[in-house]
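Novice: If it helps, the file is called run-v9.txt and holds compact mmCIF, N, CA and C atoms:
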# COMPACT_ATOMS: atom_id res chain seq x y z
N MET M 84 -28.48 -5.24 -15.97
CA MET M 84 -27.27 -5.79 -15.42
C MET M 84 -27.22 -5.59 -13.89
N PHE M 85 -26.75 -4.40 -13.49
CA PHE M 85 -26.63 -4.12 -12.07
C PHE M 85 -27.74 -3.17 -11.66
N GLY M 86 -28.64 -3.63 -10.81
CA GLY M 86 -29.74 -2.80 -10.35
C GLY M 86 -29.30 -1.87 -9.24
N PRO M 87 -30.21 -1.04 -8.76
CA PRO M 87 -29.86 -0.08 -7.72
C PRO M 87 -29.46 -0.75 -6.40
N GLN M 88 -29.90 -1.99 -6.17
CA GLN M 88 -29.59 -2.68 -4.93
C GLN M 88 -28.31 -3.51 -5.02
N THR M 89 -27.73 -3.58 -6.19
CA THR M 89 -26.56 -4.43 -6.39
C THR M 89 -25.29 -3.67 -6.03
N GLU M 90 -24.44 -4.30 -5.24
CA GLU M 90 -23.14 -3.72 -4.92
C GLU M 90 -22.10 -4.41 -5.77
N TYR M 91 -21.18 -3.62 -6.31
CA TYR M 91 -20.15 -4.16 -7.19
C TYR M 91 -18.80 -3.69 -6.68
N PHE M 92 -17.95 -4.62 -6.33
CA PHE M 92 -16.63 -4.30 -5.81
C PHE M 92 -15.55 -4.84 -6.74
N ILE M 93 -14.57 -4.04 -7.01
CA ILE M 93 -13.41 -4.50 -7.75
C ILE M 93 -12.34 -4.83 -6.72
N SER M 94 -11.92 -6.05 -6.72
CA SER M 94 -10.91 -6.48 -5.77
C SER M 94 -9.53 -6.11 -6.29
N MET M 95 -8.76 -5.43 -5.46
CA MET M 95 -7.42 -5.07 -5.90
C MET M 95 -6.49 -6.27 -5.77
N GLN M 96 -5.56 -6.35 -6.69
CA GLN M 96 -4.55 -7.40 -6.64
C GLN M 96 -3.40 -6.90 -5.78
N ILE M 97 -2.98 -7.72 -4.84
CA ILE M 97 -1.86 -7.36 -3.97
C ILE M 97 -0.75 -8.39 -4.18
N GLN M 98 0.41 -7.90 -4.57
CA GLN M 98 1.59 -8.77 -4.71
C GLN M 98 2.59 -8.36 -3.64
N ILE M 99 3.01 -9.32 -2.86
CA ILE M 99 3.98 -9.07 -1.80
C ILE M 99 5.26 -9.82 -2.13
N HIS M 100 6.36 -9.09 -2.21
CA HIS M 100 7.65 -9.67 -2.52
C HIS M 100 8.56 -9.49 -1.31
N SER M 101 9.03 -10.59 -0.76
CA SER M 101 10.03 -10.50 0.31
C SER M 101 11.38 -10.84 -0.33
N ILE M 102 12.27 -9.88 -0.30
CA ILE M 102 13.55 -10.00 -0.99
C ILE M 102 14.61 -10.58 -0.04
N HIS M 103 15.16 -11.71 -0.42
CA HIS M 103 16.25 -12.39 0.31
C HIS M 103 15.85 -12.87 1.71
N PHE M 104 14.56 -13.09 1.95
CA PHE M 104 14.11 -13.74 3.18
C PHE M 104 12.70 -14.25 2.94
N ASP M 105 12.26 -15.17 3.78
CA ASP M 105 10.91 -15.71 3.68
C ASP M 105 10.03 -15.06 4.74
N ALA M 106 9.05 -14.30 4.30
CA ALA M 106 8.12 -13.66 5.23
C ALA M 106 7.17 -14.70 5.79
N ASP M 107 6.89 -14.62 7.09
CA ASP M 107 5.96 -15.57 7.69
C ASP M 107 4.52 -15.15 7.38
N GLN M 108 3.60 -16.06 7.61
CA GLN M 108 2.19 -15.85 7.27
C GLN M 108 1.62 -14.66 8.02
N ARG M 109 2.02 -14.47 9.27
CA ARG M 109 1.52 -13.36 10.07
C ARG M 109 1.88 -12.01 9.45
N LEU M 110 3.11 -11.89 8.97
CA LEU M 110 3.55 -10.64 8.32
C LEU M 110 2.79 -10.42 7.01
N LEU M 111 2.61 -11.47 6.23
CA LEU M 111 1.88 -11.35 4.97
C LEU M 111 0.44 -10.91 5.20
N GLU M 112 -0.20 -11.48 6.22
CA GLU M 112 -1.57 -11.10 6.54
C GLU M 112 -1.64 -9.66 7.05
N PHE M 113 -0.64 -9.25 7.83
CA PHE M 113 -0.59 -7.87 8.31
C PHE M 113 -0.50 -6.90 7.14
N VAL M 114 0.40 -7.18 6.21
CA VAL M 114 0.58 -6.32 5.04
C VAL M 114 -0.72 -6.25 4.24
N GLN M 115 -1.33 -7.38 3.97
CA GLN M 115 -2.57 -7.41 3.20
C GLN M 115 -3.66 -6.60 3.89
N HIS M 116 -3.80 -6.77 5.19
CA HIS M 116 -4.83 -6.05 5.95
C HIS M 116 -4.61 -4.54 5.87
N LYS M 117 -3.38 -4.09 6.04
CA LYS M 117 -3.08 -2.66 6.00
C LYS M 117 -3.30 -2.08 4.61
N VAL M 118 -2.87 -2.78 3.59
CA VAL M 118 -3.01 -2.29 2.22
C VAL M 118 -4.48 -2.23 1.82
N GLU M 119 -5.26 -3.23 2.22
CA GLU M 119 -6.68 -3.25 1.87
C GLU M 119 -7.43 -2.06 2.47
N LYS M 120 -6.95 -1.53 3.58
CA LYS M 120 -7.59 -0.36 4.20
C LYS M 120 -7.52 0.87 3.29
N LEU M 121 -6.58 0.89 2.36
CA LEU M 121 -6.48 2.03 1.44
C LEU M 121 -7.71 2.14 0.54
N ASN M 122 -8.46 1.05 0.39
CA ASN M 122 -9.69 1.10 -0.41
C ASN M 122 -10.70 2.08 0.15
N THR M 123 -10.62 2.40 1.43
CA THR M 123 -11.54 3.37 2.01
C THR M 123 -11.22 4.79 1.56
N PHE M 124 -10.02 5.02 1.06
CA PHE M 124 -9.62 6.36 0.62
C PHE M 124 -9.66 6.52 -0.89
N HIS M 125 -9.56 5.41 -1.62
CA HIS M 125 -9.65 5.45 -3.08
C HIS M 125 -10.32 4.16 -3.51
N ASP M 126 -11.48 4.28 -4.15
CA ASP M 126 -12.27 3.08 -4.46
C ASP M 126 -11.92 2.45 -5.80
N GLN M 127 -10.90 2.97 -6.49
CA GLN M 127 -10.53 2.39 -7.79
C GLN M 127 -9.09 1.90 -7.82
N ILE M 128 -8.59 1.43 -6.69
CA ILE M 128 -7.23 0.88 -6.67
C ILE M 128 -7.23 -0.42 -7.46
N LEU M 129 -6.38 -0.48 -8.47
CA LEU M 129 -6.32 -1.66 -9.32
C LEU M 129 -5.39 -2.72 -8.76
N SER M 130 -4.19 -2.27 -8.35
CA SER M 130 -3.22 -3.24 -7.85
C SER M 130 -2.24 -2.55 -6.91
N CYS M 131 -1.56 -3.39 -6.16
CA CYS M 131 -0.56 -2.91 -5.22
C CYS M 131 0.60 -3.89 -5.22
N GLU M 132 1.80 -3.34 -5.26
CA GLU M 132 3.00 -4.15 -5.11
C GLU M 132 3.71 -3.73 -3.83
N VAL M 133 4.08 -4.71 -3.04
CA VAL M 133 4.78 -4.45 -1.79
C VAL M 133 6.11 -5.19 -1.84
N PHE M 134 7.18 -4.46 -1.58
CA PHE M 134 8.52 -5.05 -1.54
C PHE M 134 9.04 -4.91 -0.12
N LEU M 135 9.43 -6.03 0.48
CA LEU M 135 10.00 -6.06 1.82
C LEU M 135 11.42 -6.56 1.72
N ARG M 136 12.34 -5.83 2.33
CA ARG M 136 13.73 -6.30 2.31
C ARG M 136 14.44 -5.85 3.57
N ILE M 137 15.44 -6.62 3.94
CA ILE M 137 16.31 -6.27 5.06
C ILE M 137 17.60 -5.73 4.47
N GLU M 138 17.90 -4.48 4.80
CA GLU M 138 19.12 -3.88 4.27
C GLU M 138 20.30 -4.26 5.15
N LYS M 139 21.42 -4.48 4.51
CA LYS M 139 22.64 -4.80 5.26
C LYS M 139 23.15 -3.51 5.88
N SER M 140 23.05 -3.46 7.19
CA SER M 140 23.43 -2.24 7.90
C SER M 140 23.65 -2.57 9.36
N GLU M 141 24.47 -1.79 10.00
CA GLU M 141 24.68 -1.94 11.44
C GLU M 141 23.54 -1.28 12.22
N ASP M 142 22.81 -0.42 11.53
CA ASP M 142 21.71 0.31 12.14
C ASP M 142 20.54 -0.64 12.39
N ARG M 143 19.82 -0.44 13.49
CA ARG M 143 18.65 -1.27 13.79
C ARG M 143 17.51 -0.99 12.82
N GLU M 144 17.46 0.21 12.27
CA GLU M 144 16.41 0.56 11.32
C GLU M 144 16.79 0.06 9.93
N ASN M 145 16.67 -1.25 9.75
CA ASN M 145 17.08 -1.84 8.48
C ASN M 145 15.97 -2.62 7.78
N LYS M 146 14.73 -2.49 8.25
CA LYS M 146 13.58 -3.17 7.62
C LYS M 146 12.92 -2.18 6.67
N LEU M 147 13.04 -2.45 5.38
CA LEU M 147 12.56 -1.55 4.34
C LEU M 147 11.28 -2.07 3.71
N ALA M 148 10.30 -1.18 3.58
CA ALA M 148 9.05 -1.51 2.90
C ALA M 148 8.80 -0.48 1.81
N GLU M 149 8.50 -0.96 0.61
CA GLU M 149 8.15 -0.09 -0.51
C GLU M 149 6.77 -0.49 -1.00
N LEU M 150 5.92 0.51 -1.23
CA LEU M 150 4.57 0.27 -1.74
C LEU M 150 4.38 1.03 -3.03
N LYS M 151 3.83 0.33 -4.02
CA LYS M 151 3.43 0.95 -5.29
C LYS M 151 1.96 0.66 -5.48
N ILE M 152 1.16 1.72 -5.56
CA ILE M 152 -0.28 1.60 -5.72
C ILE M 152 -0.63 2.11 -7.12
N HIS M 153 -1.38 1.31 -7.86
CA HIS M 153 -1.77 1.68 -9.23
C HIS M 153 -3.28 1.95 -9.25
N VAL M 154 -3.63 3.16 -9.69
CA VAL M 154 -5.03 3.55 -9.87
C VAL M 154 -5.18 4.10 -11.28
N PRO M 155 -6.39 4.17 -11.82
CA PRO M 155 -6.55 4.73 -13.16
C PRO M 155 -6.01 6.16 -13.23
N GLY M 156 -5.06 6.39 -14.09
CA GLY M 156 -4.52 7.72 -14.30
C GLY M 156 -3.42 8.16 -13.35
N ALA M 157 -3.04 7.32 -12.39
CA ALA M 157 -1.99 7.73 -11.45
C ALA M 157 -1.39 6.51 -10.76
N ASP M 158 -0.20 6.72 -10.24
CA ASP M 158 0.46 5.73 -9.40
C ASP M 158 0.95 6.44 -8.15
N PHE M 159 0.96 5.74 -7.05
CA PHE M 159 1.45 6.28 -5.79
C PHE M 159 2.59 5.39 -5.31
N PHE M 160 3.59 6.01 -4.67
CA PHE M 160 4.75 5.25 -4.22
C PHE M 160 5.19 5.78 -2.85
N ALA M 161 5.56 4.86 -1.98
CA ALA M 161 6.11 5.23 -0.68
C ALA M 161 7.16 4.20 -0.28
N LYS M 162 8.18 4.69 0.39
CA LYS M 162 9.29 3.84 0.83
C LYS M 162 9.65 4.28 2.25
N ARG M 163 9.64 3.32 3.18
CA ARG M 163 9.96 3.63 4.57
C ARG M 163 10.88 2.55 5.15
N LYS M 164 11.77 2.99 6.05
CA LYS M 164 12.71 2.07 6.69
C LYS M 164 12.67 2.33 8.19
N THR M 165 12.36 1.28 8.96
CA THR M 165 12.30 1.39 10.42
C THR M 165 12.88 0.13 11.05
N VAL M 166 12.62 -0.03 12.35
CA VAL M 166 13.15 -1.18 13.08
C VAL M 166 12.33 -2.46 12.85
N SER M 167 11.10 -2.33 12.34
CA SER M 167 10.29 -3.53 12.08
C SER M 167 9.53 -3.36 10.77
N PHE M 168 9.17 -4.48 10.16
CA PHE M 168 8.40 -4.42 8.93
C PHE M 168 7.01 -3.84 9.20
N GLU M 169 6.45 -4.16 10.35
CA GLU M 169 5.12 -3.65 10.68
C GLU M 169 5.12 -2.12 10.74
N ALA M 170 6.13 -1.55 11.39
CA ALA M 170 6.22 -0.08 11.47
C ALA M 170 6.49 0.52 10.10
N SER M 171 7.32 -0.13 9.30
CA SER M 171 7.62 0.37 7.95
C SER M 171 6.36 0.36 7.09
N ILE M 172 5.57 -0.71 7.18
CA ILE M 172 4.32 -0.80 6.43
C ILE M 172 3.34 0.27 6.90
N ASP M 173 3.21 0.42 8.22
CA ASP M 173 2.31 1.45 8.76
C ASP M 173 2.66 2.83 8.20
N GLU M 174 3.94 3.17 8.23
CA GLU M 174 4.37 4.49 7.76
C GLU M 174 4.19 4.64 6.26
N ALA M 175 4.47 3.60 5.50
CA ALA M 175 4.32 3.67 4.04
C ALA M 175 2.85 3.78 3.65
N VAL M 176 1.98 3.03 4.31
CA VAL M 176 0.54 3.12 4.04
C VAL M 176 0.03 4.51 4.38
N GLU M 177 0.49 5.07 5.48
CA GLU M 177 0.09 6.43 5.85
C GLU M 177 0.57 7.45 4.81
N ALA M 178 1.76 7.27 4.29
CA ALA M 178 2.27 8.17 3.24
C ALA M 178 1.42 8.07 1.97
N ILE M 179 1.02 6.86 1.60
CA ILE M 179 0.15 6.67 0.44
C ILE M 179 -1.20 7.32 0.68
N ARG M 180 -1.74 7.15 1.88
CA ARG M 180 -3.02 7.74 2.22
C ARG M 180 -2.97 9.27 2.05
N ARG M 181 -1.88 9.89 2.51
CA ARG M 181 -1.73 11.34 2.36
C ARG M 181 -1.64 11.73 0.89
N GLN M 182 -0.93 10.93 0.09
CA GLN M 182 -0.83 11.22 -1.34
C GLN M 182 -2.20 11.14 -2.03
N ILE M 183 -2.99 10.14 -1.66
CA ILE M 183 -4.32 9.98 -2.24
C ILE M 183 -5.19 11.17 -1.87
N ARG M 184 -5.16 11.58 -0.61
CA ARG M 184 -5.97 12.73 -0.18
C ARG M 184 -5.54 14.00 -0.90
N LYS M 185 -4.23 14.17 -1.08
CA LYS M 185 -3.73 15.36 -1.78
C LYS M 185 -4.21 15.36 -3.23
N GLN M 186 -4.14 14.21 -3.89
CA GLN M 186 -4.60 14.11 -5.28
C GLN M 186 -6.09 14.41 -5.38
N LYS M 187 -6.88 13.90 -4.43
CA LYS M 187 -8.32 14.15 -4.46
C LYS M 187 -8.61 15.64 -4.28
N LYS M 188 -7.90 16.30 -3.36
CA LYS M 188 -8.10 17.74 -3.16
C LYS M 188 -7.76 18.52 -4.43
N LEU M 189 -6.67 18.16 -5.07
CA LEU M 189 -6.29 18.86 -6.31
C LEU M 189 -7.32 18.63 -7.42
N ARG M 190 -7.82 17.40 -7.50
CA ARG M 190 -8.80 17.07 -8.53
C ARG M 190 -10.11 17.83 -8.28
N LEU M 191 -10.53 17.92 -7.01
CA LEU M 191 -11.75 18.63 -6.69
C LEU M 191 -11.60 20.14 -6.91
N ALA M 192 -10.37 20.64 -6.75
CA ALA M 192 -10.12 22.06 -6.97
C ALA M 192 -9.99 22.39 -8.46
N GLY M 193 -9.96 21.35 -9.27
CA GLY M 193 -9.87 21.55 -10.72
C GLY M 193 -8.48 21.82 -11.23
N VAL M 194 -7.47 21.43 -10.47
CA VAL M 194 -6.08 21.63 -10.88
C VAL M 194 -5.60 20.47 -11.70
In structure tokens, what does this structure look like?
Specialist:
Amino acid sequence: MFGPQTEYFISMQIQIHSIHFDADQRLLEFVQHKVEKLNTFHDQILSCEVFLRIEKSEDRENKLAELKIHVPGADFFAKRKTVSFEASIDEAVEAIRRQIRKQKKLRLAGV
């Protein structure tokens, strides 16, 4: 089937939901690019759900991003709210990255 020279990649499914607004193509591509970078930290990511919403608030920090990452045997979740969707995504992806690293350390320690 797969020889030693064959590379096999499982492509993760990414679903992006913009709640009560239409996200432009640039934002969708930004989200996809950032989420795909998580594959460098965990090579068995099955799927990712991203929820983007604008919260009704007088505060400027009303752009909310939620990420749910599904891997075999675990799920990761992060929720961040900032002044822009790009910053919210950056912070949420970083939070997921930290969770993945923590899980790997615990697994390697045998906990």
Novice: Excluding region 132-146 of chain M and any residue of its chain fewer than 4 positions from it, enumerate the residues within 5 Å of it, using all atoms listed in the file, and give them as a list in words.
Specialist: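 Listing them by chain and then by number gives Gln98, Ile99, His100, Ser101, Ile102, Leu150, Lys151, Lys164, Thr165 and Val166 of chain M.
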Novice: To one decimal in Å, tell me the separation between CA of Lys187 (chain M) and atom C of Phe124 (chain M).
Specialist: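 If I compute the distance from CA of Lys187 (chain M) to atom C of Phe124 (chain M), I get 8.5 Å.
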Novice: Need to verify the contact set: region 128-131 of chain M, 6 Å, only N, CA and C atoms, exclusion of same-chain residues closer than 5 positions in sequence. Can you return it as a PDB file with N, CA and C atoms, in the frame of the given file?
Specialist:
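selection04.pdb was written with the following content:
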ATOM      1  N   SER M  94     -11.920  -6.050  -6.720  1.00  0.00           N
ATOM      2  CA  SER M  94     -10.910  -6.480  -5.770  1.00  0.00           C
ATOM      3  C   SER M  94      -9.530  -6.110  -6.290  1.00  0.00           C
ATOM      4  N   MET M  95      -8.760  -5.430  -5.460  1.00  0.00           N
ATOM      5  CA  MET M  95      -7.420  -5.070  -5.900  1.00  0.00           C
ATOM      6  C   MET M  95      -6.490  -6.270  -5.770  1.00  0.00           C
ATOM      7  N   GLN M  96      -5.560  -6.350  -6.690  1.00  0.00           N
ATOM      8  CA  GLN M  96      -4.550  -7.400  -6.640  1.00  0.00           C
ATOM      9  C   GLN M  96      -3.400  -6.900  -5.780  1.00  0.00           C
ATOM     10  N   ILE M  97      -2.980  -7.720  -4.840  1.00  0.00           N
ATOM     11  CA  ILE M  97      -1.860  -7.360  -3.970  1.00  0.00           C
ATOM     12  C   ILE M  97      -0.750  -8.390  -4.180  1.00  0.00           C
ATOM     13  N   GLN M  98       0.410  -7.900  -4.570  1.00  0.00           N
ATOM     14  CA  GLN M  98       1.590  -8.770  -4.710  1.00  0.00           C
ATOM     15  C   GLN M  98       2.590  -8.360  -3.640  1.00  0.00           C
ATOM     16  N   LYS M 151       3.830   0.330  -4.020  1.00  0.00           N
ATOM     17  CA  LYS M 151       3.430   0.950  -5.290  1.00  0.00           C
ATOM     18  C   LYS M 151       1.960   0.660  -5.480  1.00  0.00           C
ATOM     19  N   ILE M 152       1.160   1.720  -5.560  1.00  0.00           N
ATOM     20  CA  ILE M 152      -0.280   1.600  -5.720  1.00  0.00           C
ATOM     21  C   ILE M 152      -0.630   2.110  -7.120  1.00  0.00           C
ATOM     22  N   HIS M 153      -1.380   1.310  -7.860  1.00  0.00           N
ATOM     23  CA  HIS M 153      -1.770   1.680  -9.230  1.00  0.00           C
ATOM     24  C   HIS M 153      -3.280   1.950  -9.250  1.00  0.00           C
ATOM     25  N   VAL M 154      -3.630   3.160  -9.690  1.00  0.00           N
ATOM     26  CA  VAL M 154      -5.030   3.550  -9.870  1.00  0.00           C
ATOM     27  C   VAL M 154      -5.180   4.100 -11.280  1.00  0.00           C
ATOM     28  N   PRO M 155      -6.390   4.170 -11.820  1.00  0.00           N
ATOM     29  CA  PRO M 155      -6.550   4.730 -13.160  1.00  0.00           C
ATOM     30  C   PRO M 155      -6.010   6.160 -13.230  1.00  0.00           C
TER      31      PRO M 155
END
Novice: Tell me, in Å to one decimal, how far atom C of Lys120 (chain M) is from atom N of Lys188 (chain M).
Specialist: 16.8 Å
Novice: Contacts of Gln186 (chain M) at 12 Å or less, counting only C-alpha atoms, minus same-chain residues fewer than 2 places along, as a list of chain:residue names?
Specialist: M:Phe124, M:His125, M:Val154, M:Gly156, M:Ala157, M:Asp158, M:Phe159, M:Ile179, M:Arg180, M:Arg181, M:Gln182, M:Ile183, M:Arg184, M:Lys188, M:Leu189, M:Arg190, M:Leu191, M:Ala192, M:Gly193, M:Val194
Novice: Would you mind writing down, as a PyMOL selection string, each residue of region 114-194 of chain M that DSSP on the backbone assigns to strand (DSSP E)?
Specialist: chain M and resi 130-137+146-154+157-165
Novice: Residues near region 168-173 of chain M, anyone? I mean within 7 Å using all atoms listed in the file, not counting same-chain ones fewer than 6 positions away, as a count of residues only.
Specialist: 5
Novice: Each side padded by 3 Å, which centre and which edge lengths in Å (one decimal) define the axis-aligned box around the listed atoms of region 114-133 of chain M? Give them as lines of an AutoDock Vina configuration file.
Specialist:
center_x = -3.1
center_y = -0.4
center_z = -1.6
size_x = 24.4
size_y = 19.9
size_z = 21.5
Novice: How many Å separate atom N of Asp126 (chain M) from atom N of Ala175 (chain M)?
Specialist: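 Atom-to-atom, atom N of Asp126 (chain M) and atom N of Ala175 (chain M) are spaced 18.7 Å apart.
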